[in-house]
Each structure stands twice: as C-alpha cells, then as structure tokens.
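The structure appears right after this line, and notes come after that.
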Amino acid sequence: MARDPLLLEGAVEAPLGVTAINKETFLDGAEVSKHNSAESTWVVISGLVYDVTTFLENHPGGAEAITPHAGKDVTALFNLLHANDTLKKVLSQIKVVGPLDPKSVIEVVRASEDEDELEERRSALPPSELVINLAEFATLAKELLGEDSRPWRYFSSWSDDGTSYDATAKSFSFLRFIPRVNIPVTTIDTSTTFFGATVPIPIFMAPTGQNRQGHPEGEFNHVRAACKTGIPQGVSNGSSIPISDILDKRNQISEEPGMVRAPVWWQIYIRRNRKDSEDQIKEAVAHGADAILITVDVAAMGKREADARVVSGGKAAKKDGGIGSQSFSLYDSDLTWADIAWVQTLAPGVPVLVKGIGAAADVVLAKQHGAAGVILSNHGGRQLDGSPPPLATLIRLRRQAPALLKDPKFEVFIDGGVRRGTDVLKALCLGARGVGLGRPIIYAQLFQTCYGEEGILRAFEIVTEEINTGMRLLGARSINELRPEMVELIDGLVGQQMS
C-alpha cells in the first residue's frame with residue numbers, strides 16, 4: 001500500500017531528545033525501502049526515518065518484531081503498540097536518519113488488517129445502552145475485531161490448554177446464595193472504601209496493557225470514566241499511555257465540575273535493571289499515584305499460544321508475533337519478599353500491594369513483609385496453567401488465615417472471573433474488600449469505535465444495577481451486611497492440597 005503524501009505534508013517535528021535534523025535534506029521513499037533487512041533496518045515513524053539496526057537484538061520482542069516491517073512506514077502500528085514516550089526512551093540506541101520526503105511513495109504497515117471491513121462491522125454495532133450484560137461486550141468485541149486479529153488474540157488469550165482460564169470463568173457458579181427475606185431494602189448503600197477512599201461500588205478497573213488496541217484513546221477512556229464515577233483505575237506497566245500522562249489527565253479532569261478525583265493504582269513489573277523500575281516508581285508517585293501494585297507471577301511468561309500465533313490472511317505467521325512476549329525479557333525473575341520494602345522506600349506513604357497471589361500462605365507472607373494488601377489473581381489464566389481461580393484462593397485464605405480478612409490495615413482483593421454484579425457480592429460475602437474487572441472493561445470500550453468511555457460507563461451501570469438488585473434479593477442493605485453465611489460452597493471449586 002502506498003502512503004498518501006498528504007498525510008505528512010507540513011513541518012516535520014523532531015521527537016523529544018532529537019535536536020539536530022536537517023529538514024532541507026529529505027529522504028526518498030525508494031531509498032528508505034532498500035533498507036529492509038537485518039543488516040540495515042530503517043523504519044518511518046511520524047515522518048522521520050530511523051535506523052534501528054543496532055536496536056534489533058535489544059528490542060523486548062526480538063528482531064522478528066521489527067524486521068518484517070523494515071523499509072516501511074510503521075507509524076500506525078507503532079502508535080497502536082507503544083506509549084508515546086517510547087522513542088524518547090530508546091533514542092540512545094537508534095539513529096535518526098532524517099525526514100521522509102512528504103511526496104514519496106512508500107509501503108505503509110496498517111495497524112490492523114481489513115480496515116474497510118472493520119469499519120463496516122463497526123458501523124453495525126448496537127448502541128451501548130442496548131447491551132444488557134458484560135458477556136455481550138465480549139461477544140461484540142470478538143465479532144468486531146475478528147477471532148484471528150492481533151488485538152483479539154492478545155486480549156482473549158490464555159496459557160497452555162486454558163485450564164485456569166476456564167476454571168476461573170466457572171468459579172462463581174460453585175457458590176450459591178442463601179438469601180434472607182422480610183428485611184426492608186428500599187434504601188441500600190453499595191459504597192465502600194479502598195484504603196480510605198470512598199468508592200460507589202466495590203470494584204476497580206484492573207490493570208490491562210495495550211489499551212489503544214481496544215480504542216485509540218486507550219487509558220484516557222478509563223480516566224474519564226473513573227473521574228465521572230469515582231471507581232478506581234488500575235494502570236498497567238504496559239499501558240499504551242505513560243503513567244505520568246494518565247495521572248496528569250486525572251488531575252486535570254478531576255478539577256472539572258461534576259468530576260471526582262478517582263484513585264489511580266499503578267501496577268509495575270519490576271525489571272532486572274532496577275534503576276529503570278526505581279525511576280518509574282518515583283515518576284508515578286510524583287504525579288500522584290494512589291497505590292503501587294507489584295505483580296509477582298511473571299517469573300517467566302506463560303505459553304500463550306493464541307497470542308503467539310498471529311494470523312494473517314488465514315495463514316499462521318511466525319510464532320513469535322505475539323504482543324504479550326515483547327516485554328517479559330526485561331522483568332526480574334528473582335523477586336523476593338524484601339522487594340516490598342524496597343518499593344515502599346521509593347513510594348513513602350503510598351499503599352503497596354502484591355498482585356498475582358495464588359496461595360493463602362503467600363498472603364500471610366505479604367502481610368508479614370509490610371504490604372498494605374494483596375490482589376488474588378492468576379493473571380487472567382495467562383500464566384501458570386492449572387493455577388487456582390482467585391475465588392478458590394480466597395476460600396483457602398478464609399479457612400487458613402481468616403483474621404487477615406478482618407484486618408483493618410490489610411485489604412484483600414480478587415481479580416478474575418467476575419462477570420456479574422452477583423459475582424461481586426459472592427466475593428464480598430467471603431471477605432474480599434473489592435474485585436477487579438479487566439477484560440470486561442477492555443471489551444466494553446471496543447476497538448476504534450464510538451463506545452470508548454461510553455462503553456466503560458455502560459459496563460459500570462450494568463454492574464451497579466446487578467449489585468443493587470442482588471443486595472435487595474439477598475437481604476443486605478449495605479456492604480457491611482454481606483456475610484459468609486449468605487453463601488454456600490458446592491463441591492468442586494477447592495481441592496485438597498497435597499502434603
């Protein structure tokens with residue numbers, strides 16, 4: 001596909017950190033196209049030609065993430081997959097060759113295949129108010145993106161055989177309610193607090209990466225929805241927008257009439273290069289992060305076969321094309337419990353939580369090492385296949401260390417498998433402080449379409465309505481009235497740990 005010359009008419013702006021570009025010497029597209037091998041790899045991003053040859057082996061996704069696009073304009077794909085400060089961070093490892101002649105013809109790498117077909121499917125989406133449950137958002141997202149599309153495979157993928165993914169999806173069906181009747185429930189209160197901040201319903205947006213694959217506004221959709229509702233926003237270390245920009249946007253929007261300062265929890269994968277993580281944590285804290293979440297279940301990357309098998313034109317491409325693989329080489333596989341204290345020294349006064357716990361014994365250790373709380377999670381079924389559903393871990397914790405679920409200085413959350421407001425109530429009956437919604441929020445904003453923030457707000461409405469109805473039918477007038485005796489456990493969710 002030839003690039004439309006009008007797309008790059010006008011002045012070529014240098015990225016941050018680039019001070020010397022000869023704007024009089026334009027490079028012809030034909031010349032750029034010659035540099036299409038591992039021996040000489042040039043790419044065009046936003047009108048500038050970069051020589052990334054020496055960066056190939058340092059790229060988190062390896063050379064094969066770049067070389068198929070060598071000699072081409074990768075602006076759309078680059079912007080889809082990377083935060084807008086990425087170039088600034090790697091400028092010392094690449095070379096700016098110069099500006100591309102705006103009138104050149106050069107092949108353009110599209111952000112997604114079949115964009116015309118995608119636009120047609122996009123126009124056929126129903127209004128968001130006609131979506132009546134969270135599962136419908138997932139169905140619409142799959143129909144819109146296509147089962148073999150890069151974004152769908154990334155968002156929906158699981159590891160190995162999907163055993164943990166499937167078990168997590170079914171986990172809440174192993175709990176049944178024992179409702180009480182003849183209790184006045186005309187007025188109920190669904191609010192609670194997370195680390196002292198009042199939230200309207202006991203949920204938070206779980207951190208998820210690469211949100212611009214779901215919508216061009218990415219995490220900014222989450223910011224606006226959070227500030228309209230007060231529901232906390234979890235932000236991934238792999239977000240498509242820098243955490244500083246997200247927090248600045250939150251701070252700006254919260255000053256507008258009718259908006260609130262919703263908590264932002266920033267999740268981090270601690271890197272082997274500790275200085276990188278130190279700088280990231282300090283930046284997040286400086287811009288107002290309300291909590292730091294240390295993800296601890298990434299000692300290696302789960303085998304995400306659907307994500308790795310990028311399909312183009314019905315034929316399987318090279319297996320390393322998965323998006324999820326592109327950063328794991330940077331993460332530290334030697335984390336210890338002492339790292340909680342290390343993060344706390346960098347984030348004084350900010351709650352530090354441990355995310356990715358699947359054993360009650362590790363919840364106890366997290367508390368002993370000073371964590372403010374934990375998020376029970378199996379990474380959406382994307383890491384160790386066969387690991388327990390978060391709900392099963394919560395039940396084990398209730399049996400083995402119930403005092404932690406009542407500790408006013410320690411908050412326990414679960415993230416995974418929640419698709420109904422009644423699922424939220426079941427988790428809270430068992431002692432969870434709140435629950436995270438990850439994939440449902442991604443699916444609610446959808447891919448480059450009108451939903452965005454509107455879809456997220458509709459998802460909140462659906463869950464709020466279901467929580468309200470569920471509490472009335474259960475006989476609970478406030479979150480504090482949700483108790484373990486309101487549910488019963490059916491055999492099959494929690495096994496017997498071997499010894």
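Every chain in the structure tokens takes a letter, A first, then B, and so on in the order presented; its residues are numbered from 1, and the ligands are numbered from 1 following the presented order.
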Q.
List the spatial neighbours of Thr229 of chain A as a list in words - criterion: any atom at most 8 Å away, only C-alpha atoms, same-chain residues fewer than 2 positions off excluded.
A. Pro200, Ala225, Ala226, Cys227, Ile231, Met259, Val260 and Ala262 of chain A
Hey, can you spit out that residue selection with N, CA and C atoms as a PDB file, in the first residue's frame?
```
ATOM      1  N   PRO A 200     -18.070   4.116  44.897  1.00  0.00           N
ATOM      2  CA  PRO A 200     -19.522   3.930  44.844  1.00  0.00           C
ATOM      3  C   PRO A 200     -19.982   2.481  44.842  1.00  0.00           C
ATOM      4  N   ALA A 225     -13.893   7.866  32.610  1.00  0.00           N
ATOM      5  CA  ALA A 225     -14.933   7.072  33.265  1.00  0.00           C
ATOM      6  C   ALA A 225     -14.712   7.037  34.772  1.00  0.00           C
ATOM      7  N   ALA A 226     -13.462   6.937  35.199  1.00  0.00           N
ATOM      8  CA  ALA A 226     -13.154   6.906  36.630  1.00  0.00           C
ATOM      9  C   ALA A 226     -13.534   8.219  37.295  1.00  0.00           C
ATOM     10  N   CYS A 227     -13.195   9.323  36.662  1.00  0.00           N
ATOM     11  CA  CYS A 227     -13.470  10.630  37.258  1.00  0.00           C
ATOM     12  C   CYS A 227     -14.961  10.963  37.257  1.00  0.00           C
ATOM     13  N   ILE A 231     -14.798   5.344  40.534  1.00  0.00           N
ATOM     14  CA  ILE A 231     -14.301   3.970  40.542  1.00  0.00           C
ATOM     15  C   ILE A 231     -12.808   3.972  40.234  1.00  0.00           C
ATOM     16  N   MET A 259     -16.888  16.293  38.379  1.00  0.00           N
ATOM     17  CA  MET A 259     -15.909  15.212  38.353  1.00  0.00           C
ATOM     18  C   MET A 259     -15.324  14.998  39.746  1.00  0.00           C
ATOM     19  N   VAL A 260     -14.753  13.809  39.964  1.00  0.00           N
ATOM     20  CA  VAL A 260     -14.120  13.498  41.236  1.00  0.00           C
ATOM     21  C   VAL A 260     -12.694  13.031  40.976  1.00  0.00           C
ATOM     22  N   ALA A 262     -10.692  10.315  41.172  1.00  0.00           N
ATOM     23  CA  ALA A 262     -10.725   8.866  41.338  1.00  0.00           C
ATOM     24  C   ALA A 262      -9.322   8.338  41.608  1.00  0.00           C
TER      25      ALA A 262
END
```
(Q) According to DSSP computed on the backbone, where in segment 225-339 of chain A is there strand (DSSP E)? Give the residues as a list in words. (A)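 Taking segment 225-339 of chain A and keeping strand (DSSP E) gives Gln233, Gly234, Val235, Val264, Trp265, Trp266, Gln267, Ile268, Ala291, Ile292, Leu293, Ile294, Thr295, Val311, Ser312, Lys315 and Ala316 of chain A.
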Output file for the residues above (all heavy atoms, as a short mmCIF file (atom, residue, chain, number, x, y, z; two decimals), in the first residue's frame):
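Result saved to again.cif:
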```cif
data_model
loop_
_atom_site.label_atom_id
_atom_site.label_comp_id
_atom_site.auth_asym_id
_atom_site.auth_seq_id
_atom_site.Cartn_x
_atom_site.Cartn_y
_atom_site.Cartn_z
N GLN A 233 -9.03 3.35 39.00
CA GLN A 233 -8.45 2.89 37.74
C GLN A 233 -7.10 2.24 38.01
O GLN A 233 -6.19 2.87 38.55
CB GLN A 233 -8.25 4.06 36.78
CG GLN A 233 -7.54 3.69 35.48
CD GLN A 233 -7.21 4.89 34.62
OE1 GLN A 233 -7.42 6.03 35.02
NE2 GLN A 233 -6.68 4.64 33.43
N GLY A 234 -6.97 0.96 37.64
CA GLY A 234 -5.68 0.32 37.67
C GLY A 234 -4.98 0.54 36.34
O GLY A 234 -5.59 0.39 35.29
N VAL A 235 -3.71 0.91 36.38
CA VAL A 235 -2.96 1.21 35.16
C VAL A 235 -1.79 0.24 35.06
O VAL A 235 -0.99 0.10 36.00
CB VAL A 235 -2.43 2.66 35.15
CG1 VAL A 235 -1.60 2.92 33.89
CG2 VAL A 235 -3.58 3.64 35.22
N VAL A 264 -5.99 6.25 41.32
CA VAL A 264 -5.27 5.56 40.25
C VAL A 264 -4.23 4.66 40.91
O VAL A 264 -3.37 5.13 41.65
CB VAL A 264 -4.59 6.54 39.29
CG1 VAL A 264 -3.69 5.79 38.31
CG2 VAL A 264 -5.63 7.35 38.51
N TRP A 265 -4.34 3.36 40.63
CA TRP A 265 -3.39 2.38 41.15
C TRP A 265 -2.48 1.97 40.01
O TRP A 265 -2.94 1.50 38.98
CB TRP A 265 -4.13 1.16 41.69
CG TRP A 265 -5.08 1.43 42.82
CD1 TRP A 265 -5.25 2.61 43.48
CD2 TRP A 265 -5.97 0.49 43.42
NE1 TRP A 265 -6.20 2.47 44.45
CE2 TRP A 265 -6.66 1.17 44.44
CE3 TRP A 265 -6.25 -0.85 43.20
CZ2 TRP A 265 -7.62 0.54 45.23
CZ3 TRP A 265 -7.21 -1.48 43.99
CH2 TRP A 265 -7.88 -0.79 45.00
N TRP A 266 -1.19 2.12 40.22
CA TRP A 266 -0.24 1.80 39.15
C TRP A 266 0.43 0.47 39.41
O TRP A 266 0.99 0.23 40.48
CB TRP A 266 0.82 2.89 39.03
CG TRP A 266 1.74 2.66 37.88
CD1 TRP A 266 1.42 2.59 36.55
CD2 TRP A 266 3.16 2.45 37.95
NE1 TRP A 266 2.54 2.36 35.79
CE2 TRP A 266 3.62 2.26 36.63
CE3 TRP A 266 4.07 2.41 38.99
CZ2 TRP A 266 4.95 2.03 36.33
CZ3 TRP A 266 5.39 2.18 38.70
CH2 TRP A 266 5.83 2.01 37.38
N GLN A 267 0.34 -0.41 38.43
CA GLN A 267 0.92 -1.76 38.52
C GLN A 267 2.30 -1.78 37.87
O GLN A 267 2.50 -1.22 36.80
CB GLN A 267 -0.01 -2.76 37.84
CG GLN A 267 0.55 -4.16 37.69
CD GLN A 267 1.26 -4.38 36.36
OE1 GLN A 267 0.91 -3.77 35.34
NE2 GLN A 267 2.28 -5.21 36.37
N ILE A 268 3.25 -2.45 38.52
CA ILE A 268 4.60 -2.49 37.98
C ILE A 268 5.13 -3.91 37.91
O ILE A 268 4.87 -4.75 38.78
CB ILE A 268 5.58 -1.64 38.84
CG1 ILE A 268 6.98 -1.63 38.20
CG2 ILE A 268 5.63 -2.13 40.28
CD1 ILE A 268 7.94 -0.65 38.83
N ALA A 291 -1.69 4.14 44.72
CA ALA A 291 -1.22 2.84 45.20
C ALA A 291 -0.26 2.27 44.16
O ALA A 291 -0.33 2.60 42.97
CB ALA A 291 -2.39 1.88 45.43
N ILE A 292 0.64 1.40 44.61
CA ILE A 292 1.57 0.69 43.74
C ILE A 292 1.26 -0.80 43.85
O ILE A 292 1.21 -1.34 44.97
CB ILE A 292 3.04 0.96 44.11
CG1 ILE A 292 3.35 2.46 44.12
CG2 ILE A 292 3.97 0.21 43.16
CD1 ILE A 292 3.26 3.13 42.77
N LEU A 293 1.07 -1.45 42.72
CA LEU A 293 0.78 -2.88 42.69
C LEU A 293 1.98 -3.61 42.11
O LEU A 293 2.34 -3.40 40.95
CB LEU A 293 -0.46 -3.18 41.84
CG LEU A 293 -1.67 -2.24 41.96
CD1 LEU A 293 -2.78 -2.69 41.00
CD2 LEU A 293 -2.18 -2.22 43.39
N ILE A 294 2.62 -4.46 42.90
CA ILE A 294 3.75 -5.24 42.42
C ILE A 294 3.23 -6.57 41.90
O ILE A 294 2.72 -7.39 42.67
CB ILE A 294 4.78 -5.51 43.53
CG1 ILE A 294 5.17 -4.22 44.25
CG2 ILE A 294 6.01 -6.20 42.96
CD1 ILE A 294 6.04 -4.47 45.49
N THR A 295 3.37 -6.81 40.60
CA THR A 295 2.95 -8.09 40.04
C THR A 295 4.07 -9.11 40.23
O THR A 295 5.20 -8.88 39.83
CB THR A 295 2.59 -7.96 38.56
OG1 THR A 295 1.42 -7.14 38.45
CG2 THR A 295 2.29 -9.32 37.94
N VAL A 311 -2.19 -14.47 13.03
CA VAL A 311 -2.73 -14.97 11.77
C VAL A 311 -2.96 -13.82 10.81
O VAL A 311 -3.50 -12.79 11.16
CB VAL A 311 -4.05 -15.73 12.01
CG1 VAL A 311 -4.67 -16.16 10.70
CG2 VAL A 311 -3.79 -16.93 12.90
N SER A 312 -2.51 -14.01 9.59
CA SER A 312 -2.68 -13.01 8.55
C SER A 312 -3.18 -13.69 7.29
O SER A 312 -2.55 -14.60 6.76
CB SER A 312 -1.36 -12.28 8.28
OG SER A 312 -1.52 -11.36 7.23
N LYS A 315 -3.42 -17.55 7.19
CA LYS A 315 -2.23 -18.39 7.32
C LYS A 315 -1.46 -17.98 8.56
O LYS A 315 -1.30 -16.80 8.86
CB LYS A 315 -1.34 -18.23 6.09
CG LYS A 315 -2.01 -18.70 4.79
CD LYS A 315 -1.07 -18.54 3.62
CE LYS A 315 -1.73 -19.02 2.33
NZ LYS A 315 -0.84 -18.87 1.16
N ALA A 316 -0.98 -18.97 9.29
CA ALA A 316 -0.23 -18.69 10.51
C ALA A 316 1.10 -18.05 10.17
O ALA A 316 1.82 -18.50 9.29
CB ALA A 316 -0.01 -19.98 11.30
#
```
Q. What's the 9 Å shell around Ser157 of chain A, counting only C-alpha atoms, without same-chain residues fewer than 4 positions away, as a ChimeraX atom specification?
A. /A:152-153,162,304-307,380-382
Q: Can you pull out every residue within 9 Å of Val354 of chain A, counting only C-alpha atoms, but drop anything in the same chain fewer than 6 positions away, and send it as a list in words?
A: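 Here the qualifying residues turn out to be Ile292, Leu293, Ile294, Thr295, Val296, Ile340, Val363, Ala366, Ala371, Ala372, Gly373, Val374, Ile375 and Leu376 of chain A.
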Contacts of segment 95-184 of chain A with segment 471-478 of chain A up to 8 Å, shortest pair per row, only C-alpha atoms, as a Markdown table:
```
| residue | atom | partner | partner_atom | distance |
| --- | --- | --- | --- | --- |
| A:Phe177 | CA | A:Leu474 | CA | 7.4 |
| A:Ile178 | CA | A:Leu474 | CA | 7.3 |
| A:Pro179 | CA | A:Leu474 | CA | 4.3 |
| A:Arg180 | CA | A:Gly475 | CA | 5.1 |
| A:Val181 | CA | A:Gly475 | CA | 6.0 |
| A:Asn182 | CA | A:Gly475 | CA | 7.9 |
| A:Ile183 | CA | A:Gly475 | CA | 5.9 |
| A:Pro184 | CA | A:Gly475 | CA | 7.9 |
```
Written file, previous selection with C-alpha atoms, as a PDB file, in the first residue's frame:
```pdb
ATOM      1  CA  PHE A 177     -26.723 -17.636  47.809  1.00  0.00           C
ATOM      2  CA  ILE A 178     -28.742 -18.250  50.967  1.00  0.00           C
ATOM      3  CA  PRO A 179     -30.985 -15.163  50.879  1.00  0.00           C
ATOM      4  CA  ARG A 180     -32.841 -13.693  53.842  1.00  0.00           C
ATOM      5  CA  VAL A 181     -36.310 -12.213  53.454  1.00  0.00           C
ATOM      6  CA  ASN A 182     -38.640  -9.748  55.188  1.00  0.00           C
ATOM      7  CA  ILE A 183     -35.843  -7.222  55.542  1.00  0.00           C
ATOM      8  CA  PRO A 184     -36.658  -3.634  54.452  1.00  0.00           C
TER       9      PRO A 184
END
```
Q: List every residue of segment 270-433 of chain A that DSSP, applied to the backbone, labels as alpha helix (DSSP H), and write the result as a ChimeraX atom specification.
A: /A:274-286,305-308,338-346,360-368,390-400,421-429
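Comparing A:Phe413, A:Tyr331, A:Trp42, A:Tyr50 by their smallest distance to Val96 of chain A, the closest is A:Tyr50 (using only C-alpha atoms).
Of the listed residues (A:Ser236, A:Ser128, A:Gln368, A:Gln252), A:Ser128 comes nearest to Ala459 of chain A; the distances count only C-alpha atoms.
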Q: Would you mind reading off the distance between atom CA of Leu394 of chain A and atom CA of Val424 of chain A, one decimal, in Å?
A: 12.8 Å
(Q) I'd like to know which of A:Lys170, A:Asp334, A:Ile94, A:His35 is closest to Val52 of chain A, using only C-alpha atoms. (A) A:Ile94
Q | Option closest in space to Ala135 of chain A, from A:Leu100, A:Ile441, A:Ala401, A:Ala432 [counting only C-alpha atoms] | A |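 Selected residue with least distance to Ala135 of chain A: A:Ile441.
Distance-wise, atom CA of Glu481 of chain A and atom CA of Thr464 of chain A end up 17.2 Å apart.
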**Q.** From A:Asp85, A:Asp339, A:Glu283, A:Asp160, residue lying nearest Ser240 of chain A [only C-alpha atoms]
**A.**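 Ranked by minimum distance to Ser240 of chain A, first place goes to A:Asp85.
The shortest atom-to-atom distance to Phe26 of chain A, with only C-alpha atoms taken into account, belongs to A:Pro99 out of A:Pro242, A:Pro99, A:Pro68, A:Gly302.
Neighbouring residues of Ala338 of chain A at 10 Å or closer, counting only C-alpha atoms and skipping chain neighbours under 4 positions away, are Trp342, Val343, Ala366, His369 and Gly370 of chain A.
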Q: Please identify all polymer residues within 9 Å of Thr53 of chain A, counting only C-alpha atoms, omitting same-chain residues fewer than 6 positions from it, and present them as a list in words.
A: Ser37, Ala38, Glu39, Ser40, Thr41, Trp42, Ile94 and Lys95 of chain A
Would you mind exporting C-alpha atoms of the selected residues as an mmCIF file, in the first residue's frame?
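So again-v1.cif came out as:
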```cif
data_model
loop_
_atom_site.group_PDB
_atom_site.id
_atom_site.type_symbol
_atom_site.label_atom_id
_atom_site.label_comp_id
_atom_site.auth_asym_id
_atom_site.auth_seq_id
_atom_site.Cartn_x
_atom_site.Cartn_y
_atom_site.Cartn_z
ATOM 1 C CA SER A 37 16.956 -6.445 6.097
ATOM 2 C CA ALA A 38 18.518 -7.274 9.427
ATOM 3 C CA GLU A 39 21.817 -5.923 8.084
ATOM 4 C CA SER A 40 20.269 -2.475 7.504
ATOM 5 C CA THR A 41 16.885 -1.821 9.086
ATOM 6 C CA TRP A 42 15.163 1.505 8.551
ATOM 7 C CA ILE A 94 18.792 4.141 17.428
ATOM 8 C CA LYS A 95 19.772 6.691 14.808
#
```
